[in-house]
Amino acid sequence: MLEKINNICCIGAGYVGGPTMAVIADKCPEIQVNVVDINQARINNWNDSDFSNLPIYEPGLAEIVKNCRGRNLHFSTVIEENIALADMIFISVNTPVKKKGIGAGQASDLKWIEASARQISKYAVGKTIVVEKSTLPVKTAQTIKNILEAHVLNTSNDKKFSILSNPEFLAEGTAINDLENPDRVLIGGEDQDAINLLIDVYLNWVDKEKILTTDLWSSELSKLTANAFLAQRISSINSISALCESTGADVNDVALAIGMDKRIGLEFLRPGPGFGGSCFKKDILNLVYICNHYGLYQAAKYWQTVINLNDWQQKRISKIIVEKLFGTISGKKIAVLGFAFKANTNDTRESPAINICRDLLEEGSNLHIYDPRVSQDQIKMDLGHSQIIDSQNLLFEGKWEFSKSVELAANGADAILVLTDWEEFKTLDWEKLSKIMRSPSWLFDTRSISNAIEAKSFGINIWRLGDGALN
Ligand code: UDX
Ligand code: UDX
Ligand code: ADP
C-alpha cells in the first residue's frame, strides 16, 4: 500500500490543470508535480523564461510558477514516462460538447478522457490513483475504471488502479485564491486508502472540516449541480433585468433587496449579457442529457430553460442596440469594450461577446474591439475574418477590427458597448470620450460598471442593462 504521495502527474496543462498543479506544487514542496500535455506550443509557453508569456492569464499564477518551476513543478510533453513515475494522476483534459453523433450538442465528448485513460492503463506502474478533475458527466469515473481494469485483466501484471472524483470549483480570474482558500474540497470514491492519500495532499493547506467525501456519483453530480445552480441564478436575475427595463425598476436595487435575505444571499446576482465560460453551458447540457436519458423530461426541460434564457438575453441586447441607433447600424462604428467572458481572464470560451458581436456584424456594423487581455488572434478564431459566412452561407456585411486602447476604439464611434466587467472600464474618461465620439453618441453598458451618470452629463445617451429608471 502507498504510504504517501511523492509524485503527481497531471494530464492536461490548461485552465484547470495549470493553476491547480501550480498551487499543489507550491503548498507541497516535497511532492514532485509533472504537468504534461500533447500541445507542444502550450508547454513551451508554460516554460517560457518571460513569465508574462504563460499560456493562461490568472492573477497570482505567474508568481507561483516562478517559485516552483524547475523545483517541484515541471511542464513537458513527456507523457509516458511521467505516467510511469506517478503515484497519483490527475486527468484535466478538455471535454467539450460533442459536435456530432449520439448526444451531439448536449453530451460531453469524452474522447480525450478515454485517450488519457488508455495511456494511463498502458504506462502506469504499480498502484496508481487516478483522479478525475475535468468537468464530466455523471458516471464517467465508471468509464475510466472500465478502461483501466480491462487493461489489467489483459496483462495480468502488478498494475492496480483506484479512481477518485475530485471536481474543481475554481473560477477563472480568481483561480489562485479559490484554490488556496476553497469553500470545500470534494472527494468521491470507494477506496478509503486512496481517499486518505488525496486528503493528505490537501491537508497541507486546507482545514479538515472543509474536506468532504462522498461516493463517486454524488461527487460527479455535485459538480454539475453546483454549476447549474450558479448559472440559474444568473438567468433568473437576467430575466428580471428585462422586466425592470419595461417597468422602470432598477435591477441592481432589486438584486440588493433580495440578496440581503440570507436565504438568497448577495453572491452571483449580477445581471449582465449572460453567462459564458467553458463550464456553465456544458454542464447544464450534460444535466439535460442525463435527465432525458433517465426519462426525467420535466427536469430536463427545467434546466434547458436556464440556457434558453441566456441565449435570449444576448439576442435582446443586440436588438436593443439596433433599435436605439435608429433601427440601423449598417456602417456605424461601435466600440466594443471587453471580449473575455469575464474580467481577469484571457479566456473567451462561450463568451457572450461572441454571439453579440456576430449579431451586430450581421446587421452590418463596424466593430472596434478592445480587451486588455484577449489577443487579436483569439478574436479572429472566435469571429472569423472581417467577413464571415454563417451557417446558412449568408455573408455578414459588418467588419471588425482590433483596437489597442479604449480611445482608439471609441474614436469616431457612434456607440460604446461594455461587454466585460474589466476594472478599467469603471473609470473611463467620459469628458474625453464624448469629444471623440460621433454625435448622437451612445453608451450601452451591459455590466452596470461604467459611470453612466457622468457619461450622461457629457451629452452621451445611456442604456444600462436592467435600469428602467435611467434608460
Ligand atoms: C414564504 C417566504 O419564506 C416569506 O419570506 C414570505 O414572506 C411568505 O412566503 P412561507 O410560505 O410562510 O414564507 O414559508 P417558507 O418557509 O418560505 O416555506 C414555503 C414552502 O416551501 C413550504 O411548503 C416549505 O415546506 C417549502 N420549502 C421551503 C421546501 O420545500 N424546501 C426548503 O428548503 C424550504
Ligand atoms: C464557474 C464556476 O464558478 C466554478 O466554480 C467552476 O469550477 C467553473 O465554472 P467560471 O466559469 O470560471 O467558473 O467563472 P464564473 O465567475 O462562475 O462566471 C461565469 C459566467 O457568469 C461569466 O460569464 C460571468 O460574467 C457570469 N456571471 C457571474 C454573471 O453574469 N453574473 C454573476 O453574478 C456572476
Ligand atoms: P480546461 O479548462 O478543462 O483546463 P483546456 O482546454 O484549457 O481545458 O485544457 C485542456 C488541456 O488538455 C489542453 O491543453 C489539451 O492540449 C490537453 N489534452 C487533451 N487531451 C490530452 C491528452 N490525451 N494528453 C495530454 N494532454 C491532453
# chains A, B, ... in the order shown; residues from 1 in each chain; ligands from 1

$ residues_near_ligand --ligand "ligand 3" --cutoff "7 Å" --atoms "only C-alpha atoms and all ligand atoms" --output "list in words"
Ile11, Gly12, Ala13, Gly14, Tyr15, Val16, Gly17, Val36, Asp37, Ile38, Asn39, Arg42, Ser92, Val93, Asn94, Thr95, Trp112, Ile113, Ala115, Ser116, Ser134, Thr135 and Ser278 of chain A

$ write_last_selection --atoms "N, CA and C atoms" --output "short mmCIF file (atom, residue, chain, number, x, y, z; two decimals), in the first residue's frame"
data_model
loop_
_atom_site.label_atom_id
_atom_site.label_comp_id
_atom_site.auth_asym_id
_atom_site.auth_seq_id
_atom_site.Cartn_x
_atom_site.Cartn_y
_atom_site.Cartn_z
N ILE A 11 -2.42 15.20 -16.43
CA ILE A 11 -2.56 15.18 -17.89
C ILE A 11 -3.48 16.33 -18.28
N GLY A 12 -2.94 17.30 -19.03
CA GLY A 12 -3.72 18.49 -19.42
C GLY A 12 -3.19 19.72 -18.71
N ALA A 13 -2.56 20.63 -19.49
CA ALA A 13 -1.96 21.83 -18.89
C ALA A 13 -2.80 23.06 -19.25
N GLY A 14 -4.10 22.97 -19.01
CA GLY A 14 -5.00 24.06 -19.40
C GLY A 14 -5.40 24.94 -18.23
N TYR A 15 -6.58 25.53 -18.34
CA TYR A 15 -7.08 26.47 -17.32
C TYR A 15 -7.31 25.77 -15.98
N VAL A 16 -7.59 24.47 -16.01
CA VAL A 16 -7.78 23.74 -14.75
C VAL A 16 -6.45 23.14 -14.28
N GLY A 17 -5.82 22.34 -15.16
CA GLY A 17 -4.60 21.62 -14.77
C GLY A 17 -3.48 22.55 -14.36
N VAL A 36 1.71 17.40 -17.89
CA VAL A 36 2.03 17.01 -19.27
C VAL A 36 0.87 17.37 -20.20
N ASP A 37 1.21 17.61 -21.44
CA ASP A 37 0.20 17.99 -22.43
C ASP A 37 0.69 17.57 -23.81
N ILE A 38 -0.26 17.29 -24.71
CA ILE A 38 0.15 16.95 -26.08
C ILE A 38 0.47 18.20 -26.89
N ASN A 39 0.06 19.34 -26.38
CA ASN A 39 0.23 20.59 -27.12
C ASN A 39 1.61 21.21 -26.81
N ARG A 42 1.81 25.01 -26.12
CA ARG A 42 1.32 25.37 -24.79
C ARG A 42 2.38 25.08 -23.72
N SER A 92 -6.95 16.23 -16.37
CA SER A 92 -7.50 17.59 -16.55
C SER A 92 -7.54 17.96 -18.02
N VAL A 93 -8.01 17.03 -18.83
CA VAL A 93 -8.09 17.33 -20.27
C VAL A 93 -9.44 17.96 -20.59
N ASN A 94 -9.53 18.53 -21.77
CA ASN A 94 -10.78 19.23 -22.11
C ASN A 94 -11.88 18.23 -22.51
N THR A 95 -13.12 18.62 -22.20
CA THR A 95 -14.27 17.77 -22.50
C THR A 95 -15.37 18.63 -23.13
N TRP A 112 -10.99 12.63 -25.30
CA TRP A 112 -9.69 12.95 -24.70
C TRP A 112 -9.53 12.25 -23.35
N ILE A 113 -10.67 12.11 -22.64
CA ILE A 113 -10.64 11.38 -21.37
C ILE A 113 -10.28 9.92 -21.64
N ALA A 115 -8.71 8.70 -24.22
CA ALA A 115 -7.31 8.59 -24.66
C ALA A 115 -6.39 8.62 -23.44
N SER A 116 -6.69 9.51 -22.49
CA SER A 116 -5.85 9.60 -21.29
C SER A 116 -5.92 8.30 -20.49
N SER A 134 -11.39 17.00 -14.59
CA SER A 134 -12.16 17.68 -15.64
C SER A 134 -13.63 17.66 -15.26
N THR A 135 -14.39 18.64 -15.76
CA THR A 135 -15.84 18.60 -15.56
C THR A 135 -16.41 17.52 -16.45
N SER A 278 -16.28 28.04 -19.97
CA SER A 278 -16.28 26.69 -20.54
C SER A 278 -17.21 25.74 -19.79
#

$ residues_near_ligand --ligand "ligand 2" --cutoff "6 Å" --atoms "only C-alpha atoms and all ligand atoms" --output "list of chain:residue names"
A:Glu168, A:Phe169, A:Leu170, A:Ala171, A:Glu172, A:Asn227, A:Ile234, A:Phe268, A:Leu269, A:Arg270, A:Pro271, A:Gly272, A:Gly274, A:Phe275, A:Gly276, A:Gly277, A:Cys279, A:Phe280, A:Phe341, A:Lys342

$ write_last_selection --atoms "C-alpha atoms" --output "PDB file, in the first residue's frame"
ATOM      1  CA  GLU A 168     -12.654  21.554  -9.471  1.00  0.00           C
ATOM      2  CA  PHE A 169     -14.646  24.529  -8.241  1.00  0.00           C
ATOM      3  CA  LEU A 170     -12.187  27.264  -9.185  1.00  0.00           C
ATOM      4  CA  ALA A 171     -13.495  30.196 -11.172  1.00  0.00           C
ATOM      5  CA  GLU A 172     -11.251  31.816 -13.743  1.00  0.00           C
ATOM      6  CA  ASN A 227     -22.634  24.994 -11.841  1.00  0.00           C
ATOM      7  CA  ILE A 234     -27.748  34.470 -13.449  1.00  0.00           C
ATOM      8  CA  PHE A 268     -23.929  35.668  -8.113  1.00  0.00           C
ATOM      9  CA  LEU A 269     -26.765  38.093  -8.653  1.00  0.00           C
ATOM     10  CA  ARG A 270     -25.003  40.428 -11.067  1.00  0.00           C
ATOM     11  CA  PRO A 271     -27.119  40.952 -14.162  1.00  0.00           C
ATOM     12  CA  GLY A 272     -25.234  41.018 -17.432  1.00  0.00           C
ATOM     13  CA  GLY A 274     -25.421  36.236 -19.910  1.00  0.00           C
ATOM     14  CA  PHE A 275     -23.041  33.685 -18.529  1.00  0.00           C
ATOM     15  CA  GLY A 276     -20.104  32.421 -20.545  1.00  0.00           C
ATOM     16  CA  GLY A 277     -17.086  30.279 -19.781  1.00  0.00           C
ATOM     17  CA  CYS A 279     -18.370  25.152 -17.762  1.00  0.00           C
ATOM     18  CA  PHE A 280     -21.851  26.518 -17.216  1.00  0.00           C
ATOM     19  CA  PHE A 341     -16.280  36.013 -20.833  1.00  0.00           C
ATOM     20  CA  LYS A 342     -15.487  37.761 -17.541  1.00  0.00           C
TER      21      LYS A 342
END

$ residues_around --residues "range 420-425 of chain A" --least-positions-apart "6" --cutoff "10 Å" --atoms "only C-alpha atoms" --output "list in words"
Gly272, Pro273, Val336, Leu337, Gly338, Phe339, Ala340, Phe341, Lys342, Ala343, Asn344, Thr345, Ser351, Pro352, Ala353, Asp371, Pro372, Arg373, Val406, Asp445, Thr446, Arg447, Ser448, Ile449, Ser450 and Asn451 of chain A

$ write_last_selection --atoms "N, CA and C atoms" --output "compact mmCIF listing (two decimals), in the first residue's frame"
# COMPACT_ATOMS: atom_id res chain seq x y z
N GLY A 272 -26.23 40.77 -16.40
CA GLY A 272 -25.23 41.02 -17.43
C GLY A 272 -25.66 40.45 -18.77
N PRO A 273 -24.69 40.34 -19.68
CA PRO A 273 -25.02 39.85 -21.02
C PRO A 273 -25.19 38.33 -21.08
N VAL A 336 -16.43 48.11 -28.99
CA VAL A 336 -16.79 47.01 -28.08
C VAL A 336 -15.71 46.93 -27.01
N LEU A 337 -16.10 47.15 -25.77
CA LEU A 337 -15.11 47.09 -24.68
C LEU A 337 -15.26 45.78 -23.92
N GLY A 338 -14.28 44.92 -24.12
CA GLY A 338 -14.28 43.63 -23.44
C GLY A 338 -14.73 42.52 -24.37
N PHE A 339 -13.94 41.46 -24.41
CA PHE A 339 -14.31 40.30 -25.23
C PHE A 339 -14.23 39.00 -24.43
N ALA A 340 -13.46 39.01 -23.33
CA ALA A 340 -13.35 37.83 -22.45
C ALA A 340 -14.71 37.57 -21.81
N PHE A 341 -14.95 36.33 -21.38
CA PHE A 341 -16.28 36.01 -20.83
C PHE A 341 -16.51 36.63 -19.46
N LYS A 342 -15.40 37.04 -18.82
CA LYS A 342 -15.49 37.76 -17.54
C LYS A 342 -14.16 38.49 -17.35
N ALA A 343 -14.07 39.32 -16.33
CA ALA A 343 -12.84 40.06 -16.11
C ALA A 343 -11.72 39.16 -15.59
N ASN A 344 -10.49 39.65 -15.73
CA ASN A 344 -9.30 38.97 -15.18
C ASN A 344 -8.99 37.62 -15.80
N THR A 345 -9.41 37.43 -17.03
CA THR A 345 -9.01 36.22 -17.75
C THR A 345 -8.83 36.58 -19.22
N SER A 351 -17.98 33.11 -24.54
CA SER A 351 -18.17 34.50 -24.11
C SER A 351 -19.41 35.08 -24.78
N PRO A 352 -20.27 35.76 -24.01
CA PRO A 352 -21.44 36.39 -24.63
C PRO A 352 -21.03 37.37 -25.73
N ALA A 353 -19.80 37.90 -25.61
CA ALA A 353 -19.33 38.85 -26.63
C ALA A 353 -19.34 38.23 -28.03
N ASP A 371 -9.89 44.63 -25.73
CA ASP A 371 -9.90 43.85 -24.48
C ASP A 371 -8.47 43.86 -23.94
N PRO A 372 -8.31 44.14 -22.63
CA PRO A 372 -6.95 44.24 -22.10
C PRO A 372 -6.15 42.95 -22.17
N ARG A 373 -6.78 41.79 -22.31
CA ARG A 373 -6.02 40.53 -22.25
C ARG A 373 -6.26 39.60 -23.44
N VAL A 406 -8.92 51.91 -25.48
CA VAL A 406 -10.32 52.36 -25.47
C VAL A 406 -10.47 53.56 -26.39
N ASP A 445 -24.21 49.85 -21.58
CA ASP A 445 -23.44 49.19 -20.52
C ASP A 445 -24.20 47.95 -20.06
N THR A 446 -23.69 46.78 -20.46
CA THR A 446 -24.39 45.54 -20.12
C THR A 446 -23.96 44.99 -18.75
N ARG A 447 -22.98 45.65 -18.11
CA ARG A 447 -22.48 45.13 -16.83
C ARG A 447 -22.71 46.09 -15.67
N SER A 448 -23.34 47.23 -15.97
CA SER A 448 -23.58 48.27 -14.94
C SER A 448 -22.30 48.62 -14.19
N ILE A 449 -21.21 48.82 -14.91
CA ILE A 449 -19.98 49.14 -14.20
C ILE A 449 -19.45 50.53 -14.53
N SER A 450 -19.90 51.09 -15.65
CA SER A 450 -19.32 52.39 -16.02
C SER A 450 -20.04 53.51 -15.26
N ASN A 451 -19.40 54.66 -15.25
CA ASN A 451 -20.03 55.79 -14.59
C ASN A 451 -21.00 56.46 -15.57

$ residues_near_ligand --ligand "ligand 1" --cutoff "12 Å" --atoms "only C-alpha atoms and all ligand atoms" --output "VMD selection string"
chain A and resid 258 260 to 264

$ select_by_dssp --residues "range 306-433 of chain A" --states "alpha helix (DSSP H)" --output "VMD selection string"
chain A and resid 306 to 324 352 to 362 376 to 383 406 to 410 430 to 433

$ write_last_selection --atoms "N, CA and C atoms" --output "compact mmCIF listing (two decimals), in the first residue's frame"
# COMPACT_ATOMS: atom_id res chain seq x y z
N VAL A 306 -32.74 27.44 -18.48
CA VAL A 306 -31.67 28.32 -17.98
C VAL A 306 -30.78 28.74 -19.16
N ILE A 307 -30.53 27.80 -20.07
CA ILE A 307 -29.73 28.12 -21.25
C ILE A 307 -30.53 28.98 -22.23
N ASN A 308 -31.80 28.63 -22.40
CA ASN A 308 -32.63 29.41 -23.34
C ASN A 308 -32.68 30.88 -22.94
N LEU A 309 -32.83 31.10 -21.63
CA LEU A 309 -32.90 32.49 -21.14
C LEU A 309 -31.57 33.20 -21.43
N ASN A 310 -30.47 32.47 -21.28
CA ASN A 310 -29.15 33.06 -21.50
C ASN A 310 -29.00 33.46 -22.98
N ASP A 311 -29.46 32.61 -23.88
CA ASP A 311 -29.40 32.94 -25.32
C ASP A 311 -30.28 34.16 -25.61
N TRP A 312 -31.45 34.17 -24.99
CA TRP A 312 -32.40 35.26 -25.22
C TRP A 312 -31.82 36.59 -24.75
N GLN A 313 -31.14 36.57 -23.62
CA GLN A 313 -30.56 37.81 -23.09
C GLN A 313 -29.56 38.41 -24.10
N GLN A 314 -28.76 37.56 -24.70
CA GLN A 314 -27.76 38.05 -25.66
C GLN A 314 -28.44 38.64 -26.90
N LYS A 315 -29.44 37.96 -27.41
CA LYS A 315 -30.18 38.45 -28.58
C LYS A 315 -30.85 39.78 -28.26
N ARG A 316 -31.40 39.85 -27.05
CA ARG A 316 -32.13 41.03 -26.60
C ARG A 316 -31.21 42.26 -26.65
N ILE A 317 -29.96 42.06 -26.22
CA ILE A 317 -29.03 43.18 -26.16
C ILE A 317 -28.72 43.69 -27.56
N SER A 318 -28.42 42.80 -28.49
CA SER A 318 -28.09 43.29 -29.84
C SER A 318 -29.30 43.97 -30.47
N LYS A 319 -30.48 43.46 -30.17
CA LYS A 319 -31.71 44.07 -30.74
C LYS A 319 -31.90 45.50 -30.22
N ILE A 320 -31.67 45.66 -28.92
CA ILE A 320 -31.84 46.99 -28.31
C ILE A 320 -30.86 47.99 -28.94
N ILE A 321 -29.63 47.53 -29.17
CA ILE A 321 -28.63 48.43 -29.75
C ILE A 321 -29.09 48.91 -31.13
N VAL A 322 -29.59 47.99 -31.93
CA VAL A 322 -30.07 48.37 -33.27
C VAL A 322 -31.21 49.37 -33.14
N GLU A 323 -32.16 49.07 -32.26
CA GLU A 323 -33.33 49.95 -32.10
C GLU A 323 -32.93 51.36 -31.68
N LYS A 324 -32.02 51.42 -30.69
CA LYS A 324 -31.63 52.74 -30.16
C LYS A 324 -30.87 53.55 -31.22
N PRO A 352 -20.27 35.76 -24.01
CA PRO A 352 -21.44 36.39 -24.63
C PRO A 352 -21.03 37.37 -25.73
N ALA A 353 -19.80 37.90 -25.61
CA ALA A 353 -19.33 38.85 -26.63
C ALA A 353 -19.34 38.23 -28.03
N ILE A 354 -19.10 36.93 -28.10
CA ILE A 354 -19.03 36.29 -29.43
C ILE A 354 -20.38 36.39 -30.14
N ASN A 355 -21.44 35.97 -29.45
CA ASN A 355 -22.76 35.99 -30.09
C ASN A 355 -23.23 37.42 -30.35
N ILE A 356 -23.00 38.29 -29.37
CA ILE A 356 -23.48 39.67 -29.54
C ILE A 356 -22.74 40.33 -30.71
N CYS A 357 -21.41 40.15 -30.78
CA CYS A 357 -20.65 40.73 -31.90
C CYS A 357 -21.09 40.14 -33.23
N ARG A 358 -21.35 38.85 -33.24
CA ARG A 358 -21.79 38.23 -34.50
C ARG A 358 -23.12 38.84 -34.96
N ASP A 359 -24.03 39.05 -34.03
CA ASP A 359 -25.32 39.66 -34.39
C ASP A 359 -25.12 41.07 -34.93
N LEU A 360 -24.24 41.82 -34.28
CA LEU A 360 -24.02 43.21 -34.71
C LEU A 360 -23.33 43.24 -36.09
N LEU A 361 -22.45 42.28 -36.32
CA LEU A 361 -21.79 42.19 -37.63
C LEU A 361 -22.82 41.85 -38.71
N GLU A 362 -23.73 40.98 -38.33
CA GLU A 362 -24.75 40.59 -39.29
C GLU A 362 -25.62 41.79 -39.68
N GLN A 376 -5.68 39.49 -30.55
CA GLN A 376 -6.36 39.63 -31.83
C GLN A 376 -6.58 38.26 -32.48
N ASP A 377 -5.58 37.39 -32.36
CA ASP A 377 -5.70 36.06 -32.96
C ASP A 377 -6.87 35.28 -32.37
N GLN A 378 -7.06 35.43 -31.06
CA GLN A 378 -8.16 34.73 -30.42
C GLN A 378 -9.50 35.24 -30.95
N ILE A 379 -9.61 36.57 -31.09
CA ILE A 379 -10.88 37.13 -31.59
C ILE A 379 -11.11 36.66 -33.02
N LYS A 380 -10.03 36.58 -33.78
CA LYS A 380 -10.12 36.09 -35.16
C LYS A 380 -10.69 34.68 -35.17
N MET A 381 -10.21 33.85 -34.24
CA MET A 381 -10.71 32.47 -34.20
C MET A 381 -12.19 32.45 -33.81
N ASP A 382 -12.58 33.37 -32.93
CA ASP A 382 -13.96 33.36 -32.45
C ASP A 382 -14.94 33.98 -33.45
N LEU A 383 -14.50 35.03 -34.14
CA LEU A 383 -15.42 35.74 -35.04
C LEU A 383 -15.17 35.45 -36.50
N VAL A 406 -8.92 51.91 -25.48
CA VAL A 406 -10.32 52.36 -25.47
C VAL A 406 -10.47 53.56 -26.39
N GLU A 407 -9.50 54.48 -26.33
CA GLU A 407 -9.60 55.71 -27.13
C GLU A 407 -9.62 55.40 -28.62
N LEU A 408 -8.73 54.49 -29.04
CA LEU A 408 -8.70 54.13 -30.47
C LEU A 408 -10.03 53.50 -30.89
N ALA A 409 -10.57 52.68 -30.03
CA ALA A 409 -11.84 52.03 -30.36
C ALA A 409 -12.96 53.07 -30.44
N ALA A 410 -12.92 54.04 -29.53
CA ALA A 410 -14.04 54.99 -29.41
C ALA A 410 -13.96 56.16 -30.40
N TRP A 430 -14.98 60.11 -19.46
CA TRP A 430 -16.14 60.38 -20.32
C TRP A 430 -16.08 61.73 -21.00
N GLU A 431 -15.41 62.68 -20.35
CA GLU A 431 -15.29 64.00 -20.98
C GLU A 431 -14.52 63.85 -22.30
N LYS A 432 -13.37 63.15 -22.19
CA LYS A 432 -12.53 62.93 -23.36
C LYS A 432 -13.26 62.09 -24.43
N LEU A 433 -13.90 61.01 -23.96
CA LEU A 433 -14.55 60.11 -24.92
C LEU A 433 -15.70 60.82 -25.64

$ closest_residue --among "A:Ile290, A:Ala104, A:Ile187, A:Ala194" --to "Lys139 in chain A" --atoms "only C-alpha atoms"
A:Ile290

$ atom_distance --atom1 "CA of Glu245 in chain A" --atom2 "CA of Asp429 in chain A"
26.4 Å

$ residues_around --residues "Ile329 in chain A" --least-positions-apart "4" --cutoff "7 Å" --atoms "only C-alpha atoms" --output "list in words"
Val322, Leu325, Glu363, Gly364 and Ser365 of chain A

$ closest_residue --among "A:Ser441, A:Asn346, A:Ser457, A:Ser222" --to "Pro55 in chain A" --atoms "only C-alpha atoms"
A:Asn346

$ residues_around --residues "Leu367 in chain A" --least-positions-apart "4" --cutoff "10 Å" --atoms "only C-alpha atoms" --output "compact mmCIF listing (two decimals) with N, CA and C atoms, in the first residue's frame"
# COMPACT_ATOMS: atom_id res chain seq x y z
N GLY A 331 -22.86 50.12 -41.27
CA GLY A 331 -21.81 51.11 -41.49
C GLY A 331 -21.49 51.96 -40.26
N LYS A 332 -22.21 51.75 -39.16
CA LYS A 332 -21.93 52.54 -37.95
C LYS A 332 -20.80 51.89 -37.16
N LYS A 333 -20.02 52.76 -36.52
CA LYS A 333 -18.88 52.25 -35.74
C LYS A 333 -19.28 52.03 -34.28
N ILE A 334 -19.06 50.85 -33.80
CA ILE A 334 -19.34 50.55 -32.39
C ILE A 334 -18.04 50.11 -31.71
N ALA A 335 -17.71 50.77 -30.61
CA ALA A 335 -16.53 50.38 -29.83
C ALA A 335 -16.97 49.31 -28.84
N VAL A 336 -16.43 48.11 -28.99
CA VAL A 336 -16.79 47.01 -28.08
C VAL A 336 -15.71 46.93 -27.01
N CYS A 357 -21.41 40.15 -30.78
CA CYS A 357 -20.65 40.73 -31.90
C CYS A 357 -21.09 40.14 -33.23
N ARG A 358 -21.35 38.85 -33.24
CA ARG A 358 -21.79 38.23 -34.50
C ARG A 358 -23.12 38.84 -34.96
N LEU A 360 -24.24 41.82 -34.28
CA LEU A 360 -24.02 43.21 -34.71
C LEU A 360 -23.33 43.24 -36.09
N LEU A 361 -22.45 42.28 -36.32
CA LEU A 361 -21.79 42.19 -37.63
C LEU A 361 -22.82 41.85 -38.71
N SER A 386 -12.72 39.52 -41.34
CA SER A 386 -13.63 40.67 -41.37
C SER A 386 -14.96 40.31 -42.02
N GLY A 398 -20.82 43.23 -41.88
CA GLY A 398 -20.02 44.07 -41.00
C GLY A 398 -18.55 43.68 -41.01
N LYS A 399 -17.77 44.53 -40.38
CA LYS A 399 -16.34 44.24 -40.27
C LYS A 399 -15.92 44.44 -38.81
N TRP A 400 -14.88 43.81 -38.42
CA TRP A 400 -14.36 44.12 -37.08
C TRP A 400 -12.87 44.38 -37.16
N GLU A 401 -12.44 45.17 -36.22
CA GLU A 401 -11.02 45.48 -36.11
C GLU A 401 -10.60 45.39 -34.67
N PHE A 402 -9.33 45.12 -34.48
CA PHE A 402 -8.79 45.01 -33.12
C PHE A 402 -8.26 46.38 -32.71
N SER A 403 -8.63 46.85 -31.54
CA SER A 403 -8.13 48.15 -31.08
C SER A 403 -7.20 47.96 -29.91
N ALA A 409 -10.57 52.68 -30.03
CA ALA A 409 -11.84 52.03 -30.36
C ALA A 409 -12.96 53.07 -30.44
N ALA A 413 -16.67 56.78 -32.95
CA ALA A 413 -17.71 55.75 -32.79
C ALA A 413 -19.07 56.36 -32.49
N ALA A 415 -21.24 54.48 -30.86
CA ALA A 415 -21.61 53.88 -29.57
C ALA A 415 -20.44 53.16 -28.93
N ILE A 416 -20.48 53.13 -27.61
CA ILE A 416 -19.57 52.28 -26.84
C ILE A 416 -20.41 51.19 -26.20
N LEU A 417 -19.96 49.96 -26.35
CA LEU A 417 -20.70 48.84 -25.79
C LEU A 417 -19.79 48.11 -24.80

$ residues_around --residues "Lys127 in chain A" --least-positions-apart "5" --cutoff "7 Å" --atoms "only C-alpha atoms" --output "NGL selection string"
:A and (87 or 159-161)

$ write_last_selection --atoms "N, CA and C atoms" --output "PDB file, in the first residue's frame"
ATOM      1  N   ASP A  87       2.498   8.405  -8.551  1.00  0.00           N
ATOM      2  CA  ASP A  87       1.658   7.671  -7.599  1.00  0.00           C
ATOM      3  C   ASP A  87       0.198   8.075  -7.807  1.00  0.00           C
ATOM      4  N   LYS A 159      -0.127  -3.973 -12.026  1.00  0.00           N
ATOM      5  CA  LYS A 159      -0.818  -2.671 -12.026  1.00  0.00           C
ATOM      6  C   LYS A 159      -2.071  -2.737 -11.179  1.00  0.00           C
ATOM      7  N   LYS A 160      -2.303  -1.665 -10.449  1.00  0.00           N
ATOM      8  CA  LYS A 160      -3.536  -1.558  -9.665  1.00  0.00           C
ATOM      9  C   LYS A 160      -4.007  -0.114  -9.710  1.00  0.00           C
ATOM     10  N   PHE A 161      -5.309   0.079  -9.907  1.00  0.00           N
ATOM     11  CA  PHE A 161      -5.816   1.450 -10.021  1.00  0.00           C
ATOM     12  C   PHE A 161      -6.941   1.720  -9.025  1.00  0.00           C
TER      13      PHE A 161
END

$ atom_distance --atom1 "CA of Ser375 in chain A" --atom2 "CA of Ile462 in chain A"
28.6 Å

$ closest_residue --among "A:Lys27, A:Lys4, A:Lys282, A:Arg233" --to "Ile176 in chain A" --atoms "only C-alpha atoms"
A:Lys27

$ select_by_dssp --residues "range 107-346 of chain A" --states "strand (DSSP E or B)" --output "list of chain:residue names"
A:Ser108, A:Lys127, A:Thr128, A:Ile129, A:Val130, A:Val131, A:Glu132, A:Lys160, A:Phe161, A:Ser162, A:Ile163, A:Leu164, A:Ser165, A:Val185, A:Leu186, A:Ile187, A:Gly188, A:Gly189, A:Ile211, A:Leu212, A:Thr213, A:Thr214, A:Asp250, A:Lys333, A:Ile334, A:Ala335, A:Val336, A:Leu337

$ closest_residue --among "A:Thr328, A:Ile237, A:Ile369, A:Glu454" --to "Leu428 in chain A" --atoms "only C-alpha atoms"
A:Glu454

$ residues_around --residues "Asp183 in chain A" --least-positions-apart "6" --cutoff "12 Å" --atoms "only C-alpha atoms" --output "list in words"
Glu168, Phe169, Leu170, Asn177, Val206, Asp207, Lys208, Glu209, Lys210, Ile211 and Leu212 of chain A

$ closest_residue --among "A:Ala86, A:Ala124, A:Ile91, A:Ala231" --to "Asn166 in chain A" --atoms "only C-alpha atoms"
A:Ile91
